[in-house]
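*Asks:* Data file input10.txt (compact mmCIF, C-alpha atoms) is appended below.
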# COMPACT_ATOMS: atom_id res chain seq x y z
CA MET A 1 141.59 -110.62 122.49
CA GLY A 2 139.69 -110.22 119.20
CA LYS A 3 137.90 -107.22 120.67
CA LEU A 4 141.22 -105.63 121.65
CA ILE A 5 142.66 -106.12 118.16
CA THR A 6 139.51 -104.67 116.57
CA ARG A 7 139.78 -101.67 118.87
CA THR A 8 143.48 -101.25 118.06
CA SER A 9 142.77 -101.38 114.32
CA MET A 10 140.09 -98.75 114.82
CA VAL A 11 142.55 -96.51 116.71
CA LEU A 12 145.02 -96.84 113.80
CA LEU A 13 142.26 -95.97 111.31
CA LEU A 14 141.35 -92.99 113.50
CA GLY A 15 145.05 -92.04 113.33
CA LEU A 16 144.80 -91.95 109.53
CA ALA A 17 141.65 -89.85 109.80
CA ALA A 18 143.47 -87.48 112.20
CA ILE A 19 146.35 -87.10 109.73
CA LEU A 20 143.87 -86.38 106.94
CA ILE A 21 141.94 -83.82 109.02
CA GLN A 22 145.13 -82.07 110.20
CA GLY A 23 146.67 -82.02 106.73
CA THR A 24 143.60 -80.90 104.79
CA VAL A 25 140.75 -79.38 106.79
CA LEU A 26 142.74 -77.66 109.58
CA ARG A 27 145.68 -76.65 107.36
CA GLY A 28 143.19 -75.54 104.70
CA ILE A 29 141.78 -73.01 107.18
CA ALA A 30 145.14 -71.54 108.22
CA PRO A 31 148.15 -73.12 106.47
CA SER A 32 150.84 -71.19 108.31
CA LEU A 33 149.46 -71.25 111.87
CA VAL A 34 150.17 -73.74 114.67
CA MET A 35 147.60 -76.55 114.70
CA PRO A 36 146.32 -78.80 117.50
CA ASN A 37 147.71 -82.34 117.35
CA LEU A 38 144.88 -84.85 117.14
CA MET A 39 147.30 -87.79 117.23
CA VAL A 40 148.50 -86.73 120.70
CA ILE A 41 144.89 -86.82 121.91
CA LEU A 42 144.63 -90.38 120.61
CA VAL A 43 147.79 -91.32 122.54
CA VAL A 44 146.37 -89.77 125.74
CA TYR A 45 143.17 -91.73 125.23
CA LEU A 46 145.20 -94.94 124.88
CA ALA A 47 147.25 -94.16 128.00
CA PHE A 48 144.05 -93.87 130.04
CA TYR A 49 141.85 -96.53 128.52
CA GLN A 50 144.23 -99.15 127.15
CA GLN A 51 146.80 -99.66 129.88
CA ASN A 52 148.54 -102.76 128.62
CA LEU A 53 151.25 -103.84 126.18
CA LEU A 54 148.88 -103.48 123.24
CA GLY A 55 148.25 -99.87 124.28
CA VAL A 56 151.93 -98.88 124.21
CA PHE A 57 152.44 -100.78 120.94
CA THR A 58 149.45 -98.96 119.39
CA ALA A 59 150.96 -95.62 120.47
CA TYR A 60 154.19 -96.69 118.75
CA LEU A 61 152.29 -97.59 115.56
CA LEU A 62 150.46 -94.26 115.65
CA GLY A 63 153.86 -92.57 115.81
CA LEU A 64 155.07 -94.59 112.83
CA GLU A 65 151.95 -93.53 110.89
CA PHE A 66 152.79 -89.90 111.62
CA ASP A 67 156.46 -90.46 110.68
CA PHE A 68 155.60 -92.18 107.40
CA CYS A 69 153.35 -89.35 106.30
CA SER A 70 156.16 -86.78 106.74
CA GLY A 71 158.46 -88.52 104.25
CA LYS A 72 161.55 -87.27 106.13
CA LEU A 73 162.52 -89.51 109.05
CA ILE A 74 161.06 -92.72 110.47
CA GLY A 75 161.18 -92.95 114.24
CA PRO A 76 160.93 -89.49 115.85
CA TRP A 77 157.16 -89.48 116.32
CA ALA A 78 157.17 -93.18 117.25
CA GLY A 79 159.65 -92.41 120.06
CA ALA A 80 157.76 -89.27 121.05
CA PHE A 81 154.41 -91.06 121.28
CA VAL A 82 155.85 -93.98 123.29
CA ALA A 83 157.41 -91.51 125.76
CA THR A 84 154.11 -89.61 125.93
CA TYR A 85 152.17 -92.83 126.51
CA ALA A 86 154.49 -93.80 129.37
CA ALA A 87 154.31 -90.33 130.96
CA ILE A 88 150.52 -90.12 130.77
CA HIS A 89 150.19 -93.75 131.89
CA ALA A 90 152.12 -92.82 135.05
CA LEU A 91 149.95 -89.72 135.49
CA SER A 92 146.74 -91.71 135.04
CA PHE A 93 147.09 -93.27 138.53
CA ARG A 94 146.85 -89.82 140.10
CA MET A 95 143.96 -88.31 138.18
CA PHE A 96 140.72 -89.02 136.34
CA ILE A 97 140.20 -87.79 132.83
CA GLU A 98 136.42 -87.59 133.06
CA SER A 99 136.27 -83.83 133.71
CA GLY A 100 136.86 -81.34 130.88
CA PHE A 101 139.62 -79.55 132.80
CA SER A 102 141.65 -82.70 133.51
CA ALA A 103 141.31 -83.71 129.84
CA PHE A 104 142.58 -80.23 128.83
CA PHE A 105 145.45 -80.40 131.31
CA THR A 106 146.51 -83.95 130.42
CA ALA A 107 146.37 -83.43 126.66
CA GLY A 108 148.33 -80.17 127.07
CA ILE A 109 151.05 -81.95 129.07
CA ALA A 110 151.08 -84.79 126.52
CA SER A 111 151.51 -82.32 123.66
CA VAL A 112 154.49 -80.66 125.39
CA VAL A 113 156.12 -84.06 126.05
CA ALA A 114 155.49 -85.34 122.50
CA ASN A 115 156.81 -82.20 120.78
CA SER A 116 159.84 -81.89 123.07
CA VAL A 117 160.87 -85.52 122.47
CA TYR A 118 160.21 -85.14 118.73
CA LEU A 119 162.46 -82.06 118.52
CA LEU A 120 165.23 -83.88 120.41
CA PHE A 121 164.99 -86.70 117.86
CA ALA A 122 164.58 -84.68 114.67
CA LEU A 123 166.60 -81.48 115.06
CA ASP A 124 170.11 -80.66 116.18
CA SER A 125 170.74 -78.19 118.98
CA THR A 126 171.67 -75.32 116.62
CA GLN A 127 168.18 -75.44 115.09
CA LEU A 128 166.34 -75.02 118.41
CA SER A 129 164.96 -71.55 119.09
CA PHE A 130 162.69 -69.60 121.44
CA GLY A 131 160.05 -69.50 118.70
CA MET A 132 159.79 -73.29 118.91
CA PHE A 133 159.15 -73.07 122.64
CA LEU A 134 156.24 -70.71 121.92
CA GLU A 135 154.93 -73.02 119.20
CA ILE A 136 155.01 -75.95 121.64
CA LEU A 137 153.00 -73.92 124.18
CA ILE A 138 150.43 -72.78 121.61
CA GLU A 139 150.02 -76.32 120.28
CA ALA A 140 149.61 -77.61 123.86
CA LEU A 141 146.84 -75.07 124.54
CA LEU A 142 145.04 -75.84 121.28
CA THR A 143 145.38 -79.60 121.73
CA GLY A 144 144.17 -79.33 125.34
CA ALA A 145 141.19 -77.21 124.31
CA LEU A 146 140.16 -79.76 121.69
CA ALA A 147 140.75 -82.84 123.86
CA PRO A 148 137.48 -82.92 125.91
CA PHE A 149 135.43 -82.89 122.70
CA VAL A 150 137.61 -85.46 120.96
CA PHE A 151 137.42 -87.77 124.00
CA VAL A 152 133.62 -87.72 123.81
CA GLY A 153 133.84 -88.67 120.13
CA LEU A 154 136.45 -91.37 120.78
CA LYS A 155 134.36 -92.94 123.53
CA TRP A 156 131.36 -92.93 121.25
CA ILE A 157 133.34 -94.62 118.47
CA LEU A 158 135.57 -96.99 120.44
CA VAL A 159 133.49 -98.05 123.42
CA PRO A 160 130.54 -100.30 122.54
CA MET A 161 127.06 -99.08 123.53
CA ALA A 162 126.64 -101.72 126.27
CA GLU A 163 129.93 -100.75 127.97
CA ARG A 164 129.07 -97.05 127.76
CA ARG A 165 125.83 -97.70 129.70
CA MET B 1 143.26 -107.95 146.94
CA GLY B 2 147.05 -108.07 147.51
CA ARG B 3 147.39 -110.38 144.55
CA SER B 4 145.43 -108.03 142.32
CA ILE B 5 147.66 -105.09 143.31
CA LYS B 6 150.75 -107.18 142.61
CA ALA B 7 149.35 -108.22 139.22
CA LYS B 8 148.65 -104.56 138.42
CA GLU B 9 152.19 -103.54 139.44
CA ARG B 10 153.63 -106.35 137.30
CA SER B 11 151.48 -105.22 134.36
CA ASN B 12 152.64 -101.61 134.81
CA GLY B 13 156.24 -102.78 134.97
CA SER B 14 155.86 -104.63 131.68
CA VAL B 15 154.25 -101.55 130.08
CA TYR B 16 157.22 -99.37 131.13
CA LEU B 17 159.71 -102.00 129.98
CA ALA B 18 157.94 -102.25 126.60
CA SER B 19 157.93 -98.43 126.38
CA LEU B 20 161.67 -98.38 126.96
CA LEU B 21 162.32 -101.07 124.32
CA LEU B 22 160.08 -99.35 121.77
CA PHE B 23 161.73 -96.00 122.54
CA VAL B 24 165.16 -97.52 121.86
CA SER B 25 163.87 -99.06 118.63
CA ALA B 26 162.55 -95.60 117.62
CA ILE B 27 166.05 -94.16 118.18
CA MET B 28 167.52 -96.92 116.00
CA LEU B 29 164.89 -96.35 113.30
CA THR B 30 165.63 -92.62 113.32
CA ALA B 31 169.34 -93.28 112.96
CA TYR B 32 168.69 -95.73 110.10
CA SER B 33 166.33 -93.38 108.22
CA THR B 34 168.80 -90.48 108.65
CA LYS B 35 171.39 -92.56 106.79
CA ASN B 36 168.84 -93.99 104.32
CA PRO B 37 166.34 -91.21 103.52
CA GLU B 38 164.75 -93.31 100.76
CA SER B 39 163.27 -95.60 103.45
CA ALA B 40 161.16 -92.72 104.74
CA ARG B 41 160.16 -91.81 101.19
CA VAL B 42 158.76 -95.30 100.56
CA GLY B 43 156.51 -94.90 103.61
CA ALA B 44 155.39 -91.47 102.42
CA MET B 45 154.60 -92.89 98.96
CA ILE B 46 152.34 -95.54 100.48
CA PHE B 47 150.64 -92.96 102.67
CA ASP B 48 150.11 -90.54 99.82
CA ALA B 49 148.61 -93.35 97.72
CA ILE B 50 146.13 -94.02 100.54
CA LEU B 51 145.37 -90.41 101.40
CA SER B 52 145.59 -88.53 98.09
CA PRO B 53 142.11 -89.60 96.81
CA ALA B 54 140.59 -88.31 100.06
CA GLN B 55 142.71 -85.14 99.80
CA ASN B 56 141.47 -84.57 96.25
CA ILE B 57 137.86 -84.97 97.38
CA ASN B 58 138.45 -82.63 100.31
CA GLN B 59 139.99 -80.02 97.99
CA ASN B 60 136.90 -80.12 95.76
CA VAL B 61 134.53 -80.01 98.74
CA GLN B 62 136.43 -77.04 100.21
CA GLY B 63 136.13 -75.27 96.84
CA SER B 64 132.36 -75.84 96.79
CA VAL B 65 131.95 -74.71 100.41
CA SER B 66 133.96 -71.57 99.71
CA SER B 67 131.79 -70.93 96.62
CA LEU B 68 128.63 -71.29 98.71
CA TRP B 69 130.04 -68.99 101.39
CA SER B 70 130.99 -66.39 98.78
CA SER B 71 127.47 -66.67 97.37
CA TYR B 72 126.04 -66.00 100.81
CA ILE B 73 128.31 -62.99 101.36
CA ASP B 74 127.35 -61.63 97.95
CA LEU B 75 123.70 -61.97 98.82
CA VAL B 76 123.96 -59.90 102.00
CA GLY B 77 122.67 -56.42 101.16
CA ALA B 78 121.01 -57.52 97.93
CA ASN B 79 118.04 -55.45 96.74
CA GLU B 80 114.35 -56.49 96.75
CA GLU B 81 114.38 -57.70 93.21
CA ARG B 82 117.27 -60.06 93.94
CA LEU B 83 115.47 -61.27 97.06
CA ARG B 84 112.44 -62.19 94.94
CA LEU B 85 114.65 -64.19 92.66
CA ASP B 86 116.57 -65.64 95.59
CA GLN B 87 116.91 -69.24 94.45
CA GLU B 88 117.82 -68.33 90.90
CA VAL B 89 120.34 -65.70 91.97
CA LYS B 90 121.94 -68.08 94.48
CA ARG B 91 122.46 -70.62 91.74
CA LEU B 92 123.82 -68.02 89.32
CA ILE B 93 126.15 -66.47 91.89
CA GLY B 94 127.33 -69.93 92.83
CA GLU B 95 128.08 -70.67 89.19
CA ASN B 96 129.68 -67.27 88.73
CA THR B 97 131.93 -67.78 91.75
CA GLN B 98 132.99 -71.16 90.43
CA LEU B 99 133.71 -69.66 87.01
CA LYS B 100 135.72 -66.87 88.65
CA GLU B 101 137.70 -69.48 90.55
CA ARG B 102 138.37 -71.32 87.30
CA LEU B 103 139.38 -68.06 85.66
CA ILE B 104 141.79 -67.33 88.52
CA ASP B 105 143.17 -70.87 88.22
CA ASP B 106 143.50 -70.37 84.48
CA GLN B 107 145.33 -67.07 84.96
CA LYS B 108 147.68 -68.68 87.46
CA LEU B 109 148.36 -71.56 85.08
CA ARG B 110 149.03 -69.10 82.25
CA ALA B 111 151.43 -67.20 84.51
CA LEU B 112 153.19 -70.48 85.33
CA LEU B 113 153.38 -71.30 81.64
CA GLY B 114 154.89 -67.84 81.13
CA VAL B 115 157.59 -68.74 83.67
CA LEU B 116 158.33 -71.89 81.67
CA GLU B 117 158.46 -70.07 78.33
CA ASN B 118 160.76 -67.36 79.68
CA SER B 119 163.15 -69.83 81.26
CA LYS B 120 163.08 -72.45 78.47
CA LEU B 121 162.60 -75.12 81.14
CA LYS B 122 160.29 -78.12 80.96
CA GLY B 123 157.73 -78.37 83.72
CA VAL B 124 154.40 -79.66 84.91
CA ALA B 125 151.72 -77.56 86.61
CA ALA B 126 150.40 -79.05 89.85
CA ARG B 127 147.73 -78.15 92.38
CA VAL B 128 148.25 -78.28 96.16
CA ILE B 129 145.84 -80.87 97.60
CA GLY B 130 147.16 -81.27 101.14
CA HIS B 131 149.60 -80.10 103.77
CA GLU B 132 151.93 -81.83 106.20
CA PRO B 133 149.89 -82.45 109.38
CA SER B 134 152.78 -81.90 111.81
CA ASN B 135 153.75 -78.36 112.86
CA TRP B 136 157.47 -79.16 112.55
CA VAL B 137 157.69 -80.31 108.93
CA LYS B 138 156.92 -77.80 106.19
CA ALA B 139 155.66 -79.72 103.18
CA VAL B 140 152.68 -79.83 100.84
CA ILE B 141 151.17 -82.59 98.69
CA VAL B 142 150.47 -81.90 95.01
CA ASP B 143 148.22 -83.71 92.56
CA GLN B 144 150.92 -84.81 90.08
CA GLY B 145 153.05 -87.90 90.48
CA SER B 146 155.17 -90.42 88.61
CA SER B 147 152.46 -90.82 85.93
CA ALA B 148 153.23 -87.19 84.93
CA GLY B 149 156.98 -87.86 84.94
CA ILE B 150 157.64 -86.37 88.38
CA GLU B 151 160.76 -87.62 90.17
CA ASP B 152 162.49 -87.08 93.49
CA GLN B 153 164.50 -83.87 93.94
CA MET B 154 162.82 -81.95 91.14
CA ALA B 155 162.61 -78.23 91.86
CA VAL B 156 159.22 -76.61 92.49
CA VAL B 157 158.46 -72.94 91.80
CA ASP B 158 155.48 -70.65 91.50
CA THR B 159 155.12 -67.34 89.70
CA SER B 160 156.86 -65.48 92.56
CA GLY B 161 159.91 -67.70 92.98
CA LEU B 162 161.34 -70.87 94.49
CA VAL B 163 158.96 -73.05 96.56
CA GLY B 164 161.01 -76.17 97.35
CA GLN B 165 161.79 -79.64 96.03
CA ILE B 166 160.05 -82.98 95.57
CA ILE B 167 160.94 -85.47 98.32
CA SER B 168 158.64 -88.40 97.54
CA VAL B 169 156.56 -89.41 94.56
CA GLY B 170 153.46 -91.57 94.31
CA ARG B 171 151.61 -92.47 91.12
CA SER B 172 149.26 -89.51 91.19
CA SER B 173 150.68 -87.31 93.93
CA ALA B 174 154.00 -86.01 95.21
CA ARG B 175 155.32 -84.38 98.36
CA VAL B 176 157.07 -81.02 98.15
CA LEU B 177 159.48 -80.07 100.96
CA LEU B 178 159.13 -76.31 101.29
CA LEU B 179 162.06 -73.93 101.40
CA THR B 180 161.01 -72.93 104.93
CA ASP B 181 161.56 -76.44 106.36
CA HIS B 182 164.44 -76.90 108.80
CA SER B 183 166.11 -79.45 106.55
CA SER B 184 165.91 -77.34 103.36
CA GLY B 185 169.12 -75.95 101.91
CA VAL B 186 169.73 -74.20 98.59
CA ASP B 187 172.98 -73.06 96.99
CA ALA B 188 172.37 -69.41 96.13
CA VAL B 189 173.93 -66.13 95.03
CA VAL B 190 173.14 -62.49 95.72
CA GLN B 191 171.79 -61.37 92.34
CA ASP B 192 173.83 -58.19 91.82
CA THR B 193 177.12 -58.94 93.58
CA ARG B 194 177.21 -62.73 92.88
CA VAL B 195 178.20 -63.43 96.50
CA ARG B 196 177.69 -67.16 97.19
CA LEU B 197 175.67 -68.41 100.18
CA VAL B 198 173.53 -71.30 101.35
CA VAL B 199 169.91 -70.47 102.10
CA GLU B 200 168.31 -72.56 104.86
CA GLY B 201 164.79 -72.80 106.24
CA LEU B 202 164.05 -72.01 109.88
CA GLY B 203 160.56 -73.46 110.06
CA GLY B 204 158.94 -70.02 109.95
CA ALA B 205 158.36 -67.15 107.54
CA VAL B 206 162.03 -66.10 107.50
CA LEU B 207 164.95 -67.80 105.73
CA ARG B 208 168.61 -67.72 106.76
CA GLY B 209 171.57 -67.15 104.47
CA ASN B 210 174.73 -68.86 105.76
CA TYR B 211 178.43 -69.06 104.92
CA VAL B 212 178.83 -65.51 103.62
CA SER B 213 182.43 -64.40 104.05
CA PRO B 214 182.91 -61.26 106.24
CA GLU B 215 184.80 -59.64 103.35
CA ASP B 216 181.79 -59.89 101.02
CA LYS B 217 179.59 -56.81 100.89
CA VAL B 218 175.89 -57.57 101.06
CA GLN B 219 173.11 -55.06 101.60
CA VAL B 220 169.56 -55.14 102.85
CA GLY B 221 167.10 -55.11 99.96
CA GLU B 222 169.22 -57.15 97.54
CA ASN B 223 167.64 -60.15 95.86
CA VAL B 224 168.97 -63.68 96.33
CA VAL B 225 168.57 -66.22 93.52
CA THR B 226 169.46 -69.90 93.05
CA SER B 227 173.00 -70.51 91.79
CA GLY B 228 172.21 -73.77 89.97
CA MET B 229 175.34 -75.31 91.49
CA ASP B 230 173.56 -77.89 93.66
CA GLY B 231 172.21 -79.87 90.73
CA VAL B 232 168.63 -79.66 92.03
CA PHE B 233 167.47 -76.10 91.47
CA PRO B 234 167.83 -74.31 88.11
CA ALA B 235 169.94 -71.15 88.20
CA GLY B 236 168.40 -67.71 88.52
CA VAL B 237 165.15 -68.52 90.33
CA LEU B 238 164.28 -65.84 92.89
CA ILE B 239 164.48 -67.06 96.50
CA GLY B 240 163.89 -63.87 98.46
CA THR B 241 165.12 -60.47 99.56
CA ILE B 242 167.76 -59.73 102.21
CA THR B 243 166.19 -58.13 105.28
CA GLY B 244 169.11 -58.26 107.71
CA VAL B 245 172.87 -58.87 107.90
CA GLU B 246 174.83 -59.80 111.03
CA ARG B 247 177.93 -61.71 112.15
CA ASP B 248 177.32 -65.27 113.38
CA ALA B 249 178.16 -66.26 116.97
CA GLY B 250 181.68 -67.46 116.10
CA GLY B 251 182.33 -64.41 113.92
CA LEU B 252 183.57 -66.52 111.00
CA PHE B 253 180.73 -65.70 108.62
CA GLN B 254 177.97 -63.19 108.04
CA VAL B 255 174.43 -64.45 108.56
CA LEU B 256 171.67 -63.04 106.39
CA SER B 257 167.94 -62.91 107.11
CA LEU B 258 165.79 -63.29 104.03
CA ARG B 259 162.12 -62.66 103.32
CA PRO B 260 160.98 -65.39 100.89
CA ALA B 261 159.60 -64.24 97.54
CA VAL B 262 156.84 -66.83 97.79
CA ASP B 263 153.91 -66.50 100.19
CA PHE B 264 153.94 -70.02 101.65
CA ALA B 265 150.55 -69.52 103.30
CA LYS B 266 148.87 -69.10 99.92
CA LEU B 267 150.29 -71.92 97.81
CA GLU B 268 147.77 -73.17 95.25
CA GLN B 269 149.17 -73.72 91.76
CA LEU B 270 152.80 -74.77 91.49
CA LEU B 271 155.18 -75.62 88.71
CA ILE B 272 157.41 -78.69 88.97
CA ILE B 273 160.58 -78.21 86.92
CA LYS B 274 161.47 -81.42 85.10
CA ASP B 275 164.96 -80.29 84.01
CA ARG B 276 167.48 -81.15 86.69
CA ARG B 277 169.80 -78.31 85.65
CA GLY B 278 168.35 -75.29 83.89
CA LYS B 279 169.89 -72.30 82.31
CA ASP B 280 169.63 -68.82 83.79
CA GLY B 281 166.13 -67.43 83.94
Would you write out, as structure tokens, the structure that this file holds?
*Replies:*
Amino acid sequence: MGKLITRTSMVLLLGLAAILIQGTVLRGIAPSLVMPNLMVILVVYLAFYQQNLLGVFTAYLLGLEFDFCSGKLIGPWAGAFVATYAAIHALSFRMFIESGFSAFFTAGIASVVANSVYLLFALDSTQLSFGMFLEILIEALLTGALAPFVFVGLKWILVPMAERR
Amino acid sequence: MGRSIKAKERSNGSVYLASLLLFVSAIMLTAYSTKNPESARVGAMIFDAILSPAQNINQNVQGSVSSLWSSYIDLVGANEERLRLDQEVKRLIGENTQLKERLIDDQKLRALLGVLENSKLKGVAARVIGHEPSNWVKAVIVDQGSSAGIEDQMAVVDTSGLVGQIISVGRSSARVLLLTDHSSGVDAVVQDTRVRLVVEGLGGAVLRGNYVSPEDKVQVGENVVTSGMDGVFPAGVLIGTITGVERDAGGLFQVLSLRPAVDFAKLEQLLIIKDRRGKDG
């Protein structure tokens, strides 16, 4: 139990690091372009490797972290990440995430689910546009492309050496 | 074996049930924070307090990296004499680049001060140290907070025009909601004809002007400025230029497309206006 809580705390700290990287390093490179969503990759990782109540609760907390840092609404990302966790959790029984392609595919799907649910929460129907649909697709591709590399890093950080062997 | 499968199914069932409950709680939280926006601001304040030191460090590191990169670019194609003095030249070019950066910063600050002097408004210069990580919220974090007298809903401008407004304030940092955000709205007028409208963000590089009566004549190329009637933005600050005029779907109003005066991709030095209501300028 202690190990699980330590791991959960580490995931939340990684969430803070992801927010910092997205808001400074990535946005510093291209402030006005669509960015990959590192938080979504964390949620996918949880859905595959922490399939229990603590996993879904951690996804919820990651969403709250993301909501708090926006300063606008509390709840949309929390709802989006819980829905994403549940969707990827269901998908996890039909595929393995070990290959680069499946990691790309799963993270891409997760990004589409997360952004779609977020937009349903945060915007009204008059604000939705075709441009947003394109942004969702681009973010899904970027997030998917980054996912295999991030998974390697996450395993290295979150899974103890003995378990990795 | 059968027992293990059943246990797994039960565990999955509890995960989906928990997901549903947490999803419902997220809906309730969203509804609550829509009615009480200050609750979200408190969270943002705490986050900014945690992240702003790291953002400041990152800003400085990025500046140094960009100086080093510029030094490298400058060195490409250097003559033999410069190659012989490689180390010394690198250091000097690095220093020179940093000084140039400071000079540019200084010029921008002077330009911002000029804006203040011309408008007779009180303000504080601030540097952008971070951006909103999500693609759907357009906001930046600046390095001035309550210790510099910054408060919620203060207007933010740069030398080109209106940038946005403060939505949360920490001790040494504040969050600026940009004009391009979906939830931004500014009471405005067309500069020459004084036609009233509300300018809203669309999340991209274009703004929308709403609630223009079909009888009002507006033309492409006219400037739109703040009206000062919303109690947040001082009057007369340039918002953008009209690039298109069309009837909305219901035909009740004209809808304007506007190109913002500010380049939101290149925000660096900003000016936070401390007067809640300014005079024209």
*Asks:* Up to 6 Å from chain A, what residues of chain B turn up? Count all atoms listed in the file and give them as a list in words.
*Replies:*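 In the required form, that comes to Val15, Ser19, Phe23, Ala26, Leu29, Thr30, Ser33, Ala40, Arg41, Gly43, Ala44, Phe47, Gly130, His131, Glu132, Pro133 and Ala265 of chain B.
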*Asks:* Using atom CA of Asp124 of chain A and atom CA of Tyr32 of chain B as the two end points, give the distance in Å to one decimal.
*Replies:*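 One can read the atom CA of Asp124 of chain A to atom CA of Tyr32 of chain B distance as 16.3 Å.
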*Asks:* Out of A:Leu141, A:Leu134, A:Arg7, A:Phe48, which residue has the shortest atom-to-atom distance to Met95 of chain A when counting all atoms listed in the file?
*Replies:*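 Checking each of A:Leu141, A:Leu134, A:Arg7, A:Phe48 against Met95 of chain A, counting all atoms listed in the file, the winner is A:Phe48.
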*Asks:* Report, in Å to a single decimal, how far apart atom CA of Pro260 of chain B and atom CA of Ala235 of chain B are.
*Replies:*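 Taking atom CA of Ala235 of chain B as the start and atom CA of Pro260 of chain B as the end point, the length is 16.6 Å.
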*Asks:* Ile157 of chain A: which residues within 10 Å, counting only C-alpha atoms, same-chain residues fewer than 2 positions away excluded, as a PyMOL selection string?
*Replies:* chain A and resi 7+10-11+14+151-155+159-161
*Asks:* Hey, can you check how far atom CA of Asp86 of chain B sits from atom CA of Ile104 of chain B?
*Replies:*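 Pair atom CA of Asp86 of chain B / atom CA of Ile104 of chain B returns 26.2 Å.
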*Asks:* Complete segment 135-148 of chain B at the level of N, CA, C and O atoms, written as an mmCIF file, in the coordinates of the input.
*Replies:*
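Generated output (rebuild12.cif):
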data_model
loop_
_atom_site.group_PDB
_atom_site.id
_atom_site.type_symbol
_atom_site.label_atom_id
_atom_site.label_comp_id
_atom_site.auth_asym_id
_atom_site.auth_seq_id
_atom_site.Cartn_x
_atom_site.Cartn_y
_atom_site.Cartn_z
ATOM 1 N N ASN B 135 153.333 -79.771 112.866
ATOM 2 C CA ASN B 135 153.750 -78.360 112.860
ATOM 3 C C ASN B 135 155.236 -78.193 112.571
ATOM 4 O O ASN B 135 155.696 -77.094 112.295
ATOM 5 N N TRP B 136 156.007 -79.283 112.643
ATOM 6 C CA TRP B 136 157.470 -79.160 112.550
ATOM 7 C C TRP B 136 158.029 -79.450 111.159
ATOM 8 O O TRP B 136 159.203 -79.222 110.909
ATOM 9 N N VAL B 137 157.218 -80.028 110.292
ATOM 10 C CA VAL B 137 157.690 -80.310 108.930
ATOM 11 C C VAL B 137 156.892 -79.433 107.974
ATOM 12 O O VAL B 137 155.667 -79.407 108.025
ATOM 13 N N LYS B 138 157.604 -78.686 107.130
ATOM 14 C CA LYS B 138 156.920 -77.800 106.190
ATOM 15 C C LYS B 138 156.904 -78.464 104.820
ATOM 16 O O LYS B 138 157.934 -78.489 104.127
ATOM 17 N N ALA B 139 155.774 -79.033 104.465
ATOM 18 C CA ALA B 139 155.660 -79.720 103.180
ATOM 19 C C ALA B 139 154.210 -79.653 102.704
ATOM 20 O O ALA B 139 153.291 -79.485 103.512
ATOM 21 N N VAL B 140 154.031 -79.761 101.392
ATOM 22 C CA VAL B 140 152.680 -79.830 100.840
ATOM 23 C C VAL B 140 152.598 -81.036 99.894
ATOM 24 O O VAL B 140 153.626 -81.535 99.429
ATOM 25 N N ILE B 141 151.381 -81.474 99.628
ATOM 26 C CA ILE B 141 151.170 -82.590 98.690
ATOM 27 C C ILE B 141 150.513 -82.018 97.443
ATOM 28 O O ILE B 141 149.573 -81.220 97.546
ATOM 29 N N VAL B 142 151.032 -82.402 96.284
ATOM 30 C CA VAL B 142 150.470 -81.900 95.010
ATOM 31 C C VAL B 142 149.861 -83.056 94.223
ATOM 32 O O VAL B 142 150.150 -84.220 94.478
ATOM 33 N N ASP B 143 149.008 -82.682 93.257
ATOM 34 C CA ASP B 143 148.220 -83.710 92.560
ATOM 35 C C ASP B 143 148.901 -84.278 91.309
ATOM 36 O O ASP B 143 148.219 -84.769 90.414
ATOM 37 N N GLN B 144 150.207 -84.186 91.206
ATOM 38 C CA GLN B 144 150.920 -84.810 90.080
ATOM 39 C C GLN B 144 151.979 -85.753 90.634
ATOM 40 O O GLN B 144 152.633 -85.431 91.615
ATOM 41 N N GLY B 145 152.091 -86.915 89.992
ATOM 42 C CA GLY B 145 153.050 -87.900 90.480
ATOM 43 C C GLY B 145 153.857 -88.521 89.356
ATOM 44 O O GLY B 145 154.048 -87.898 88.300
ATOM 45 N N SER B 146 154.287 -89.766 89.589
ATOM 46 C CA SER B 146 155.170 -90.420 88.610
ATOM 47 C C SER B 146 154.493 -90.579 87.249
ATOM 48 O O SER B 146 155.162 -90.610 86.217
ATOM 49 N N SER B 147 153.154 -90.666 87.219
ATOM 50 C CA SER B 147 152.460 -90.820 85.930
ATOM 51 C C SER B 147 152.635 -89.560 85.066
ATOM 52 O O SER B 147 152.470 -89.625 83.846
ATOM 53 N N ALA B 148 152.969 -88.432 85.699
ATOM 54 C CA ALA B 148 153.230 -87.190 84.930
ATOM 55 C C ALA B 148 154.733 -86.969 84.766
ATOM 56 O O ALA B 148 155.163 -85.890 84.344
#
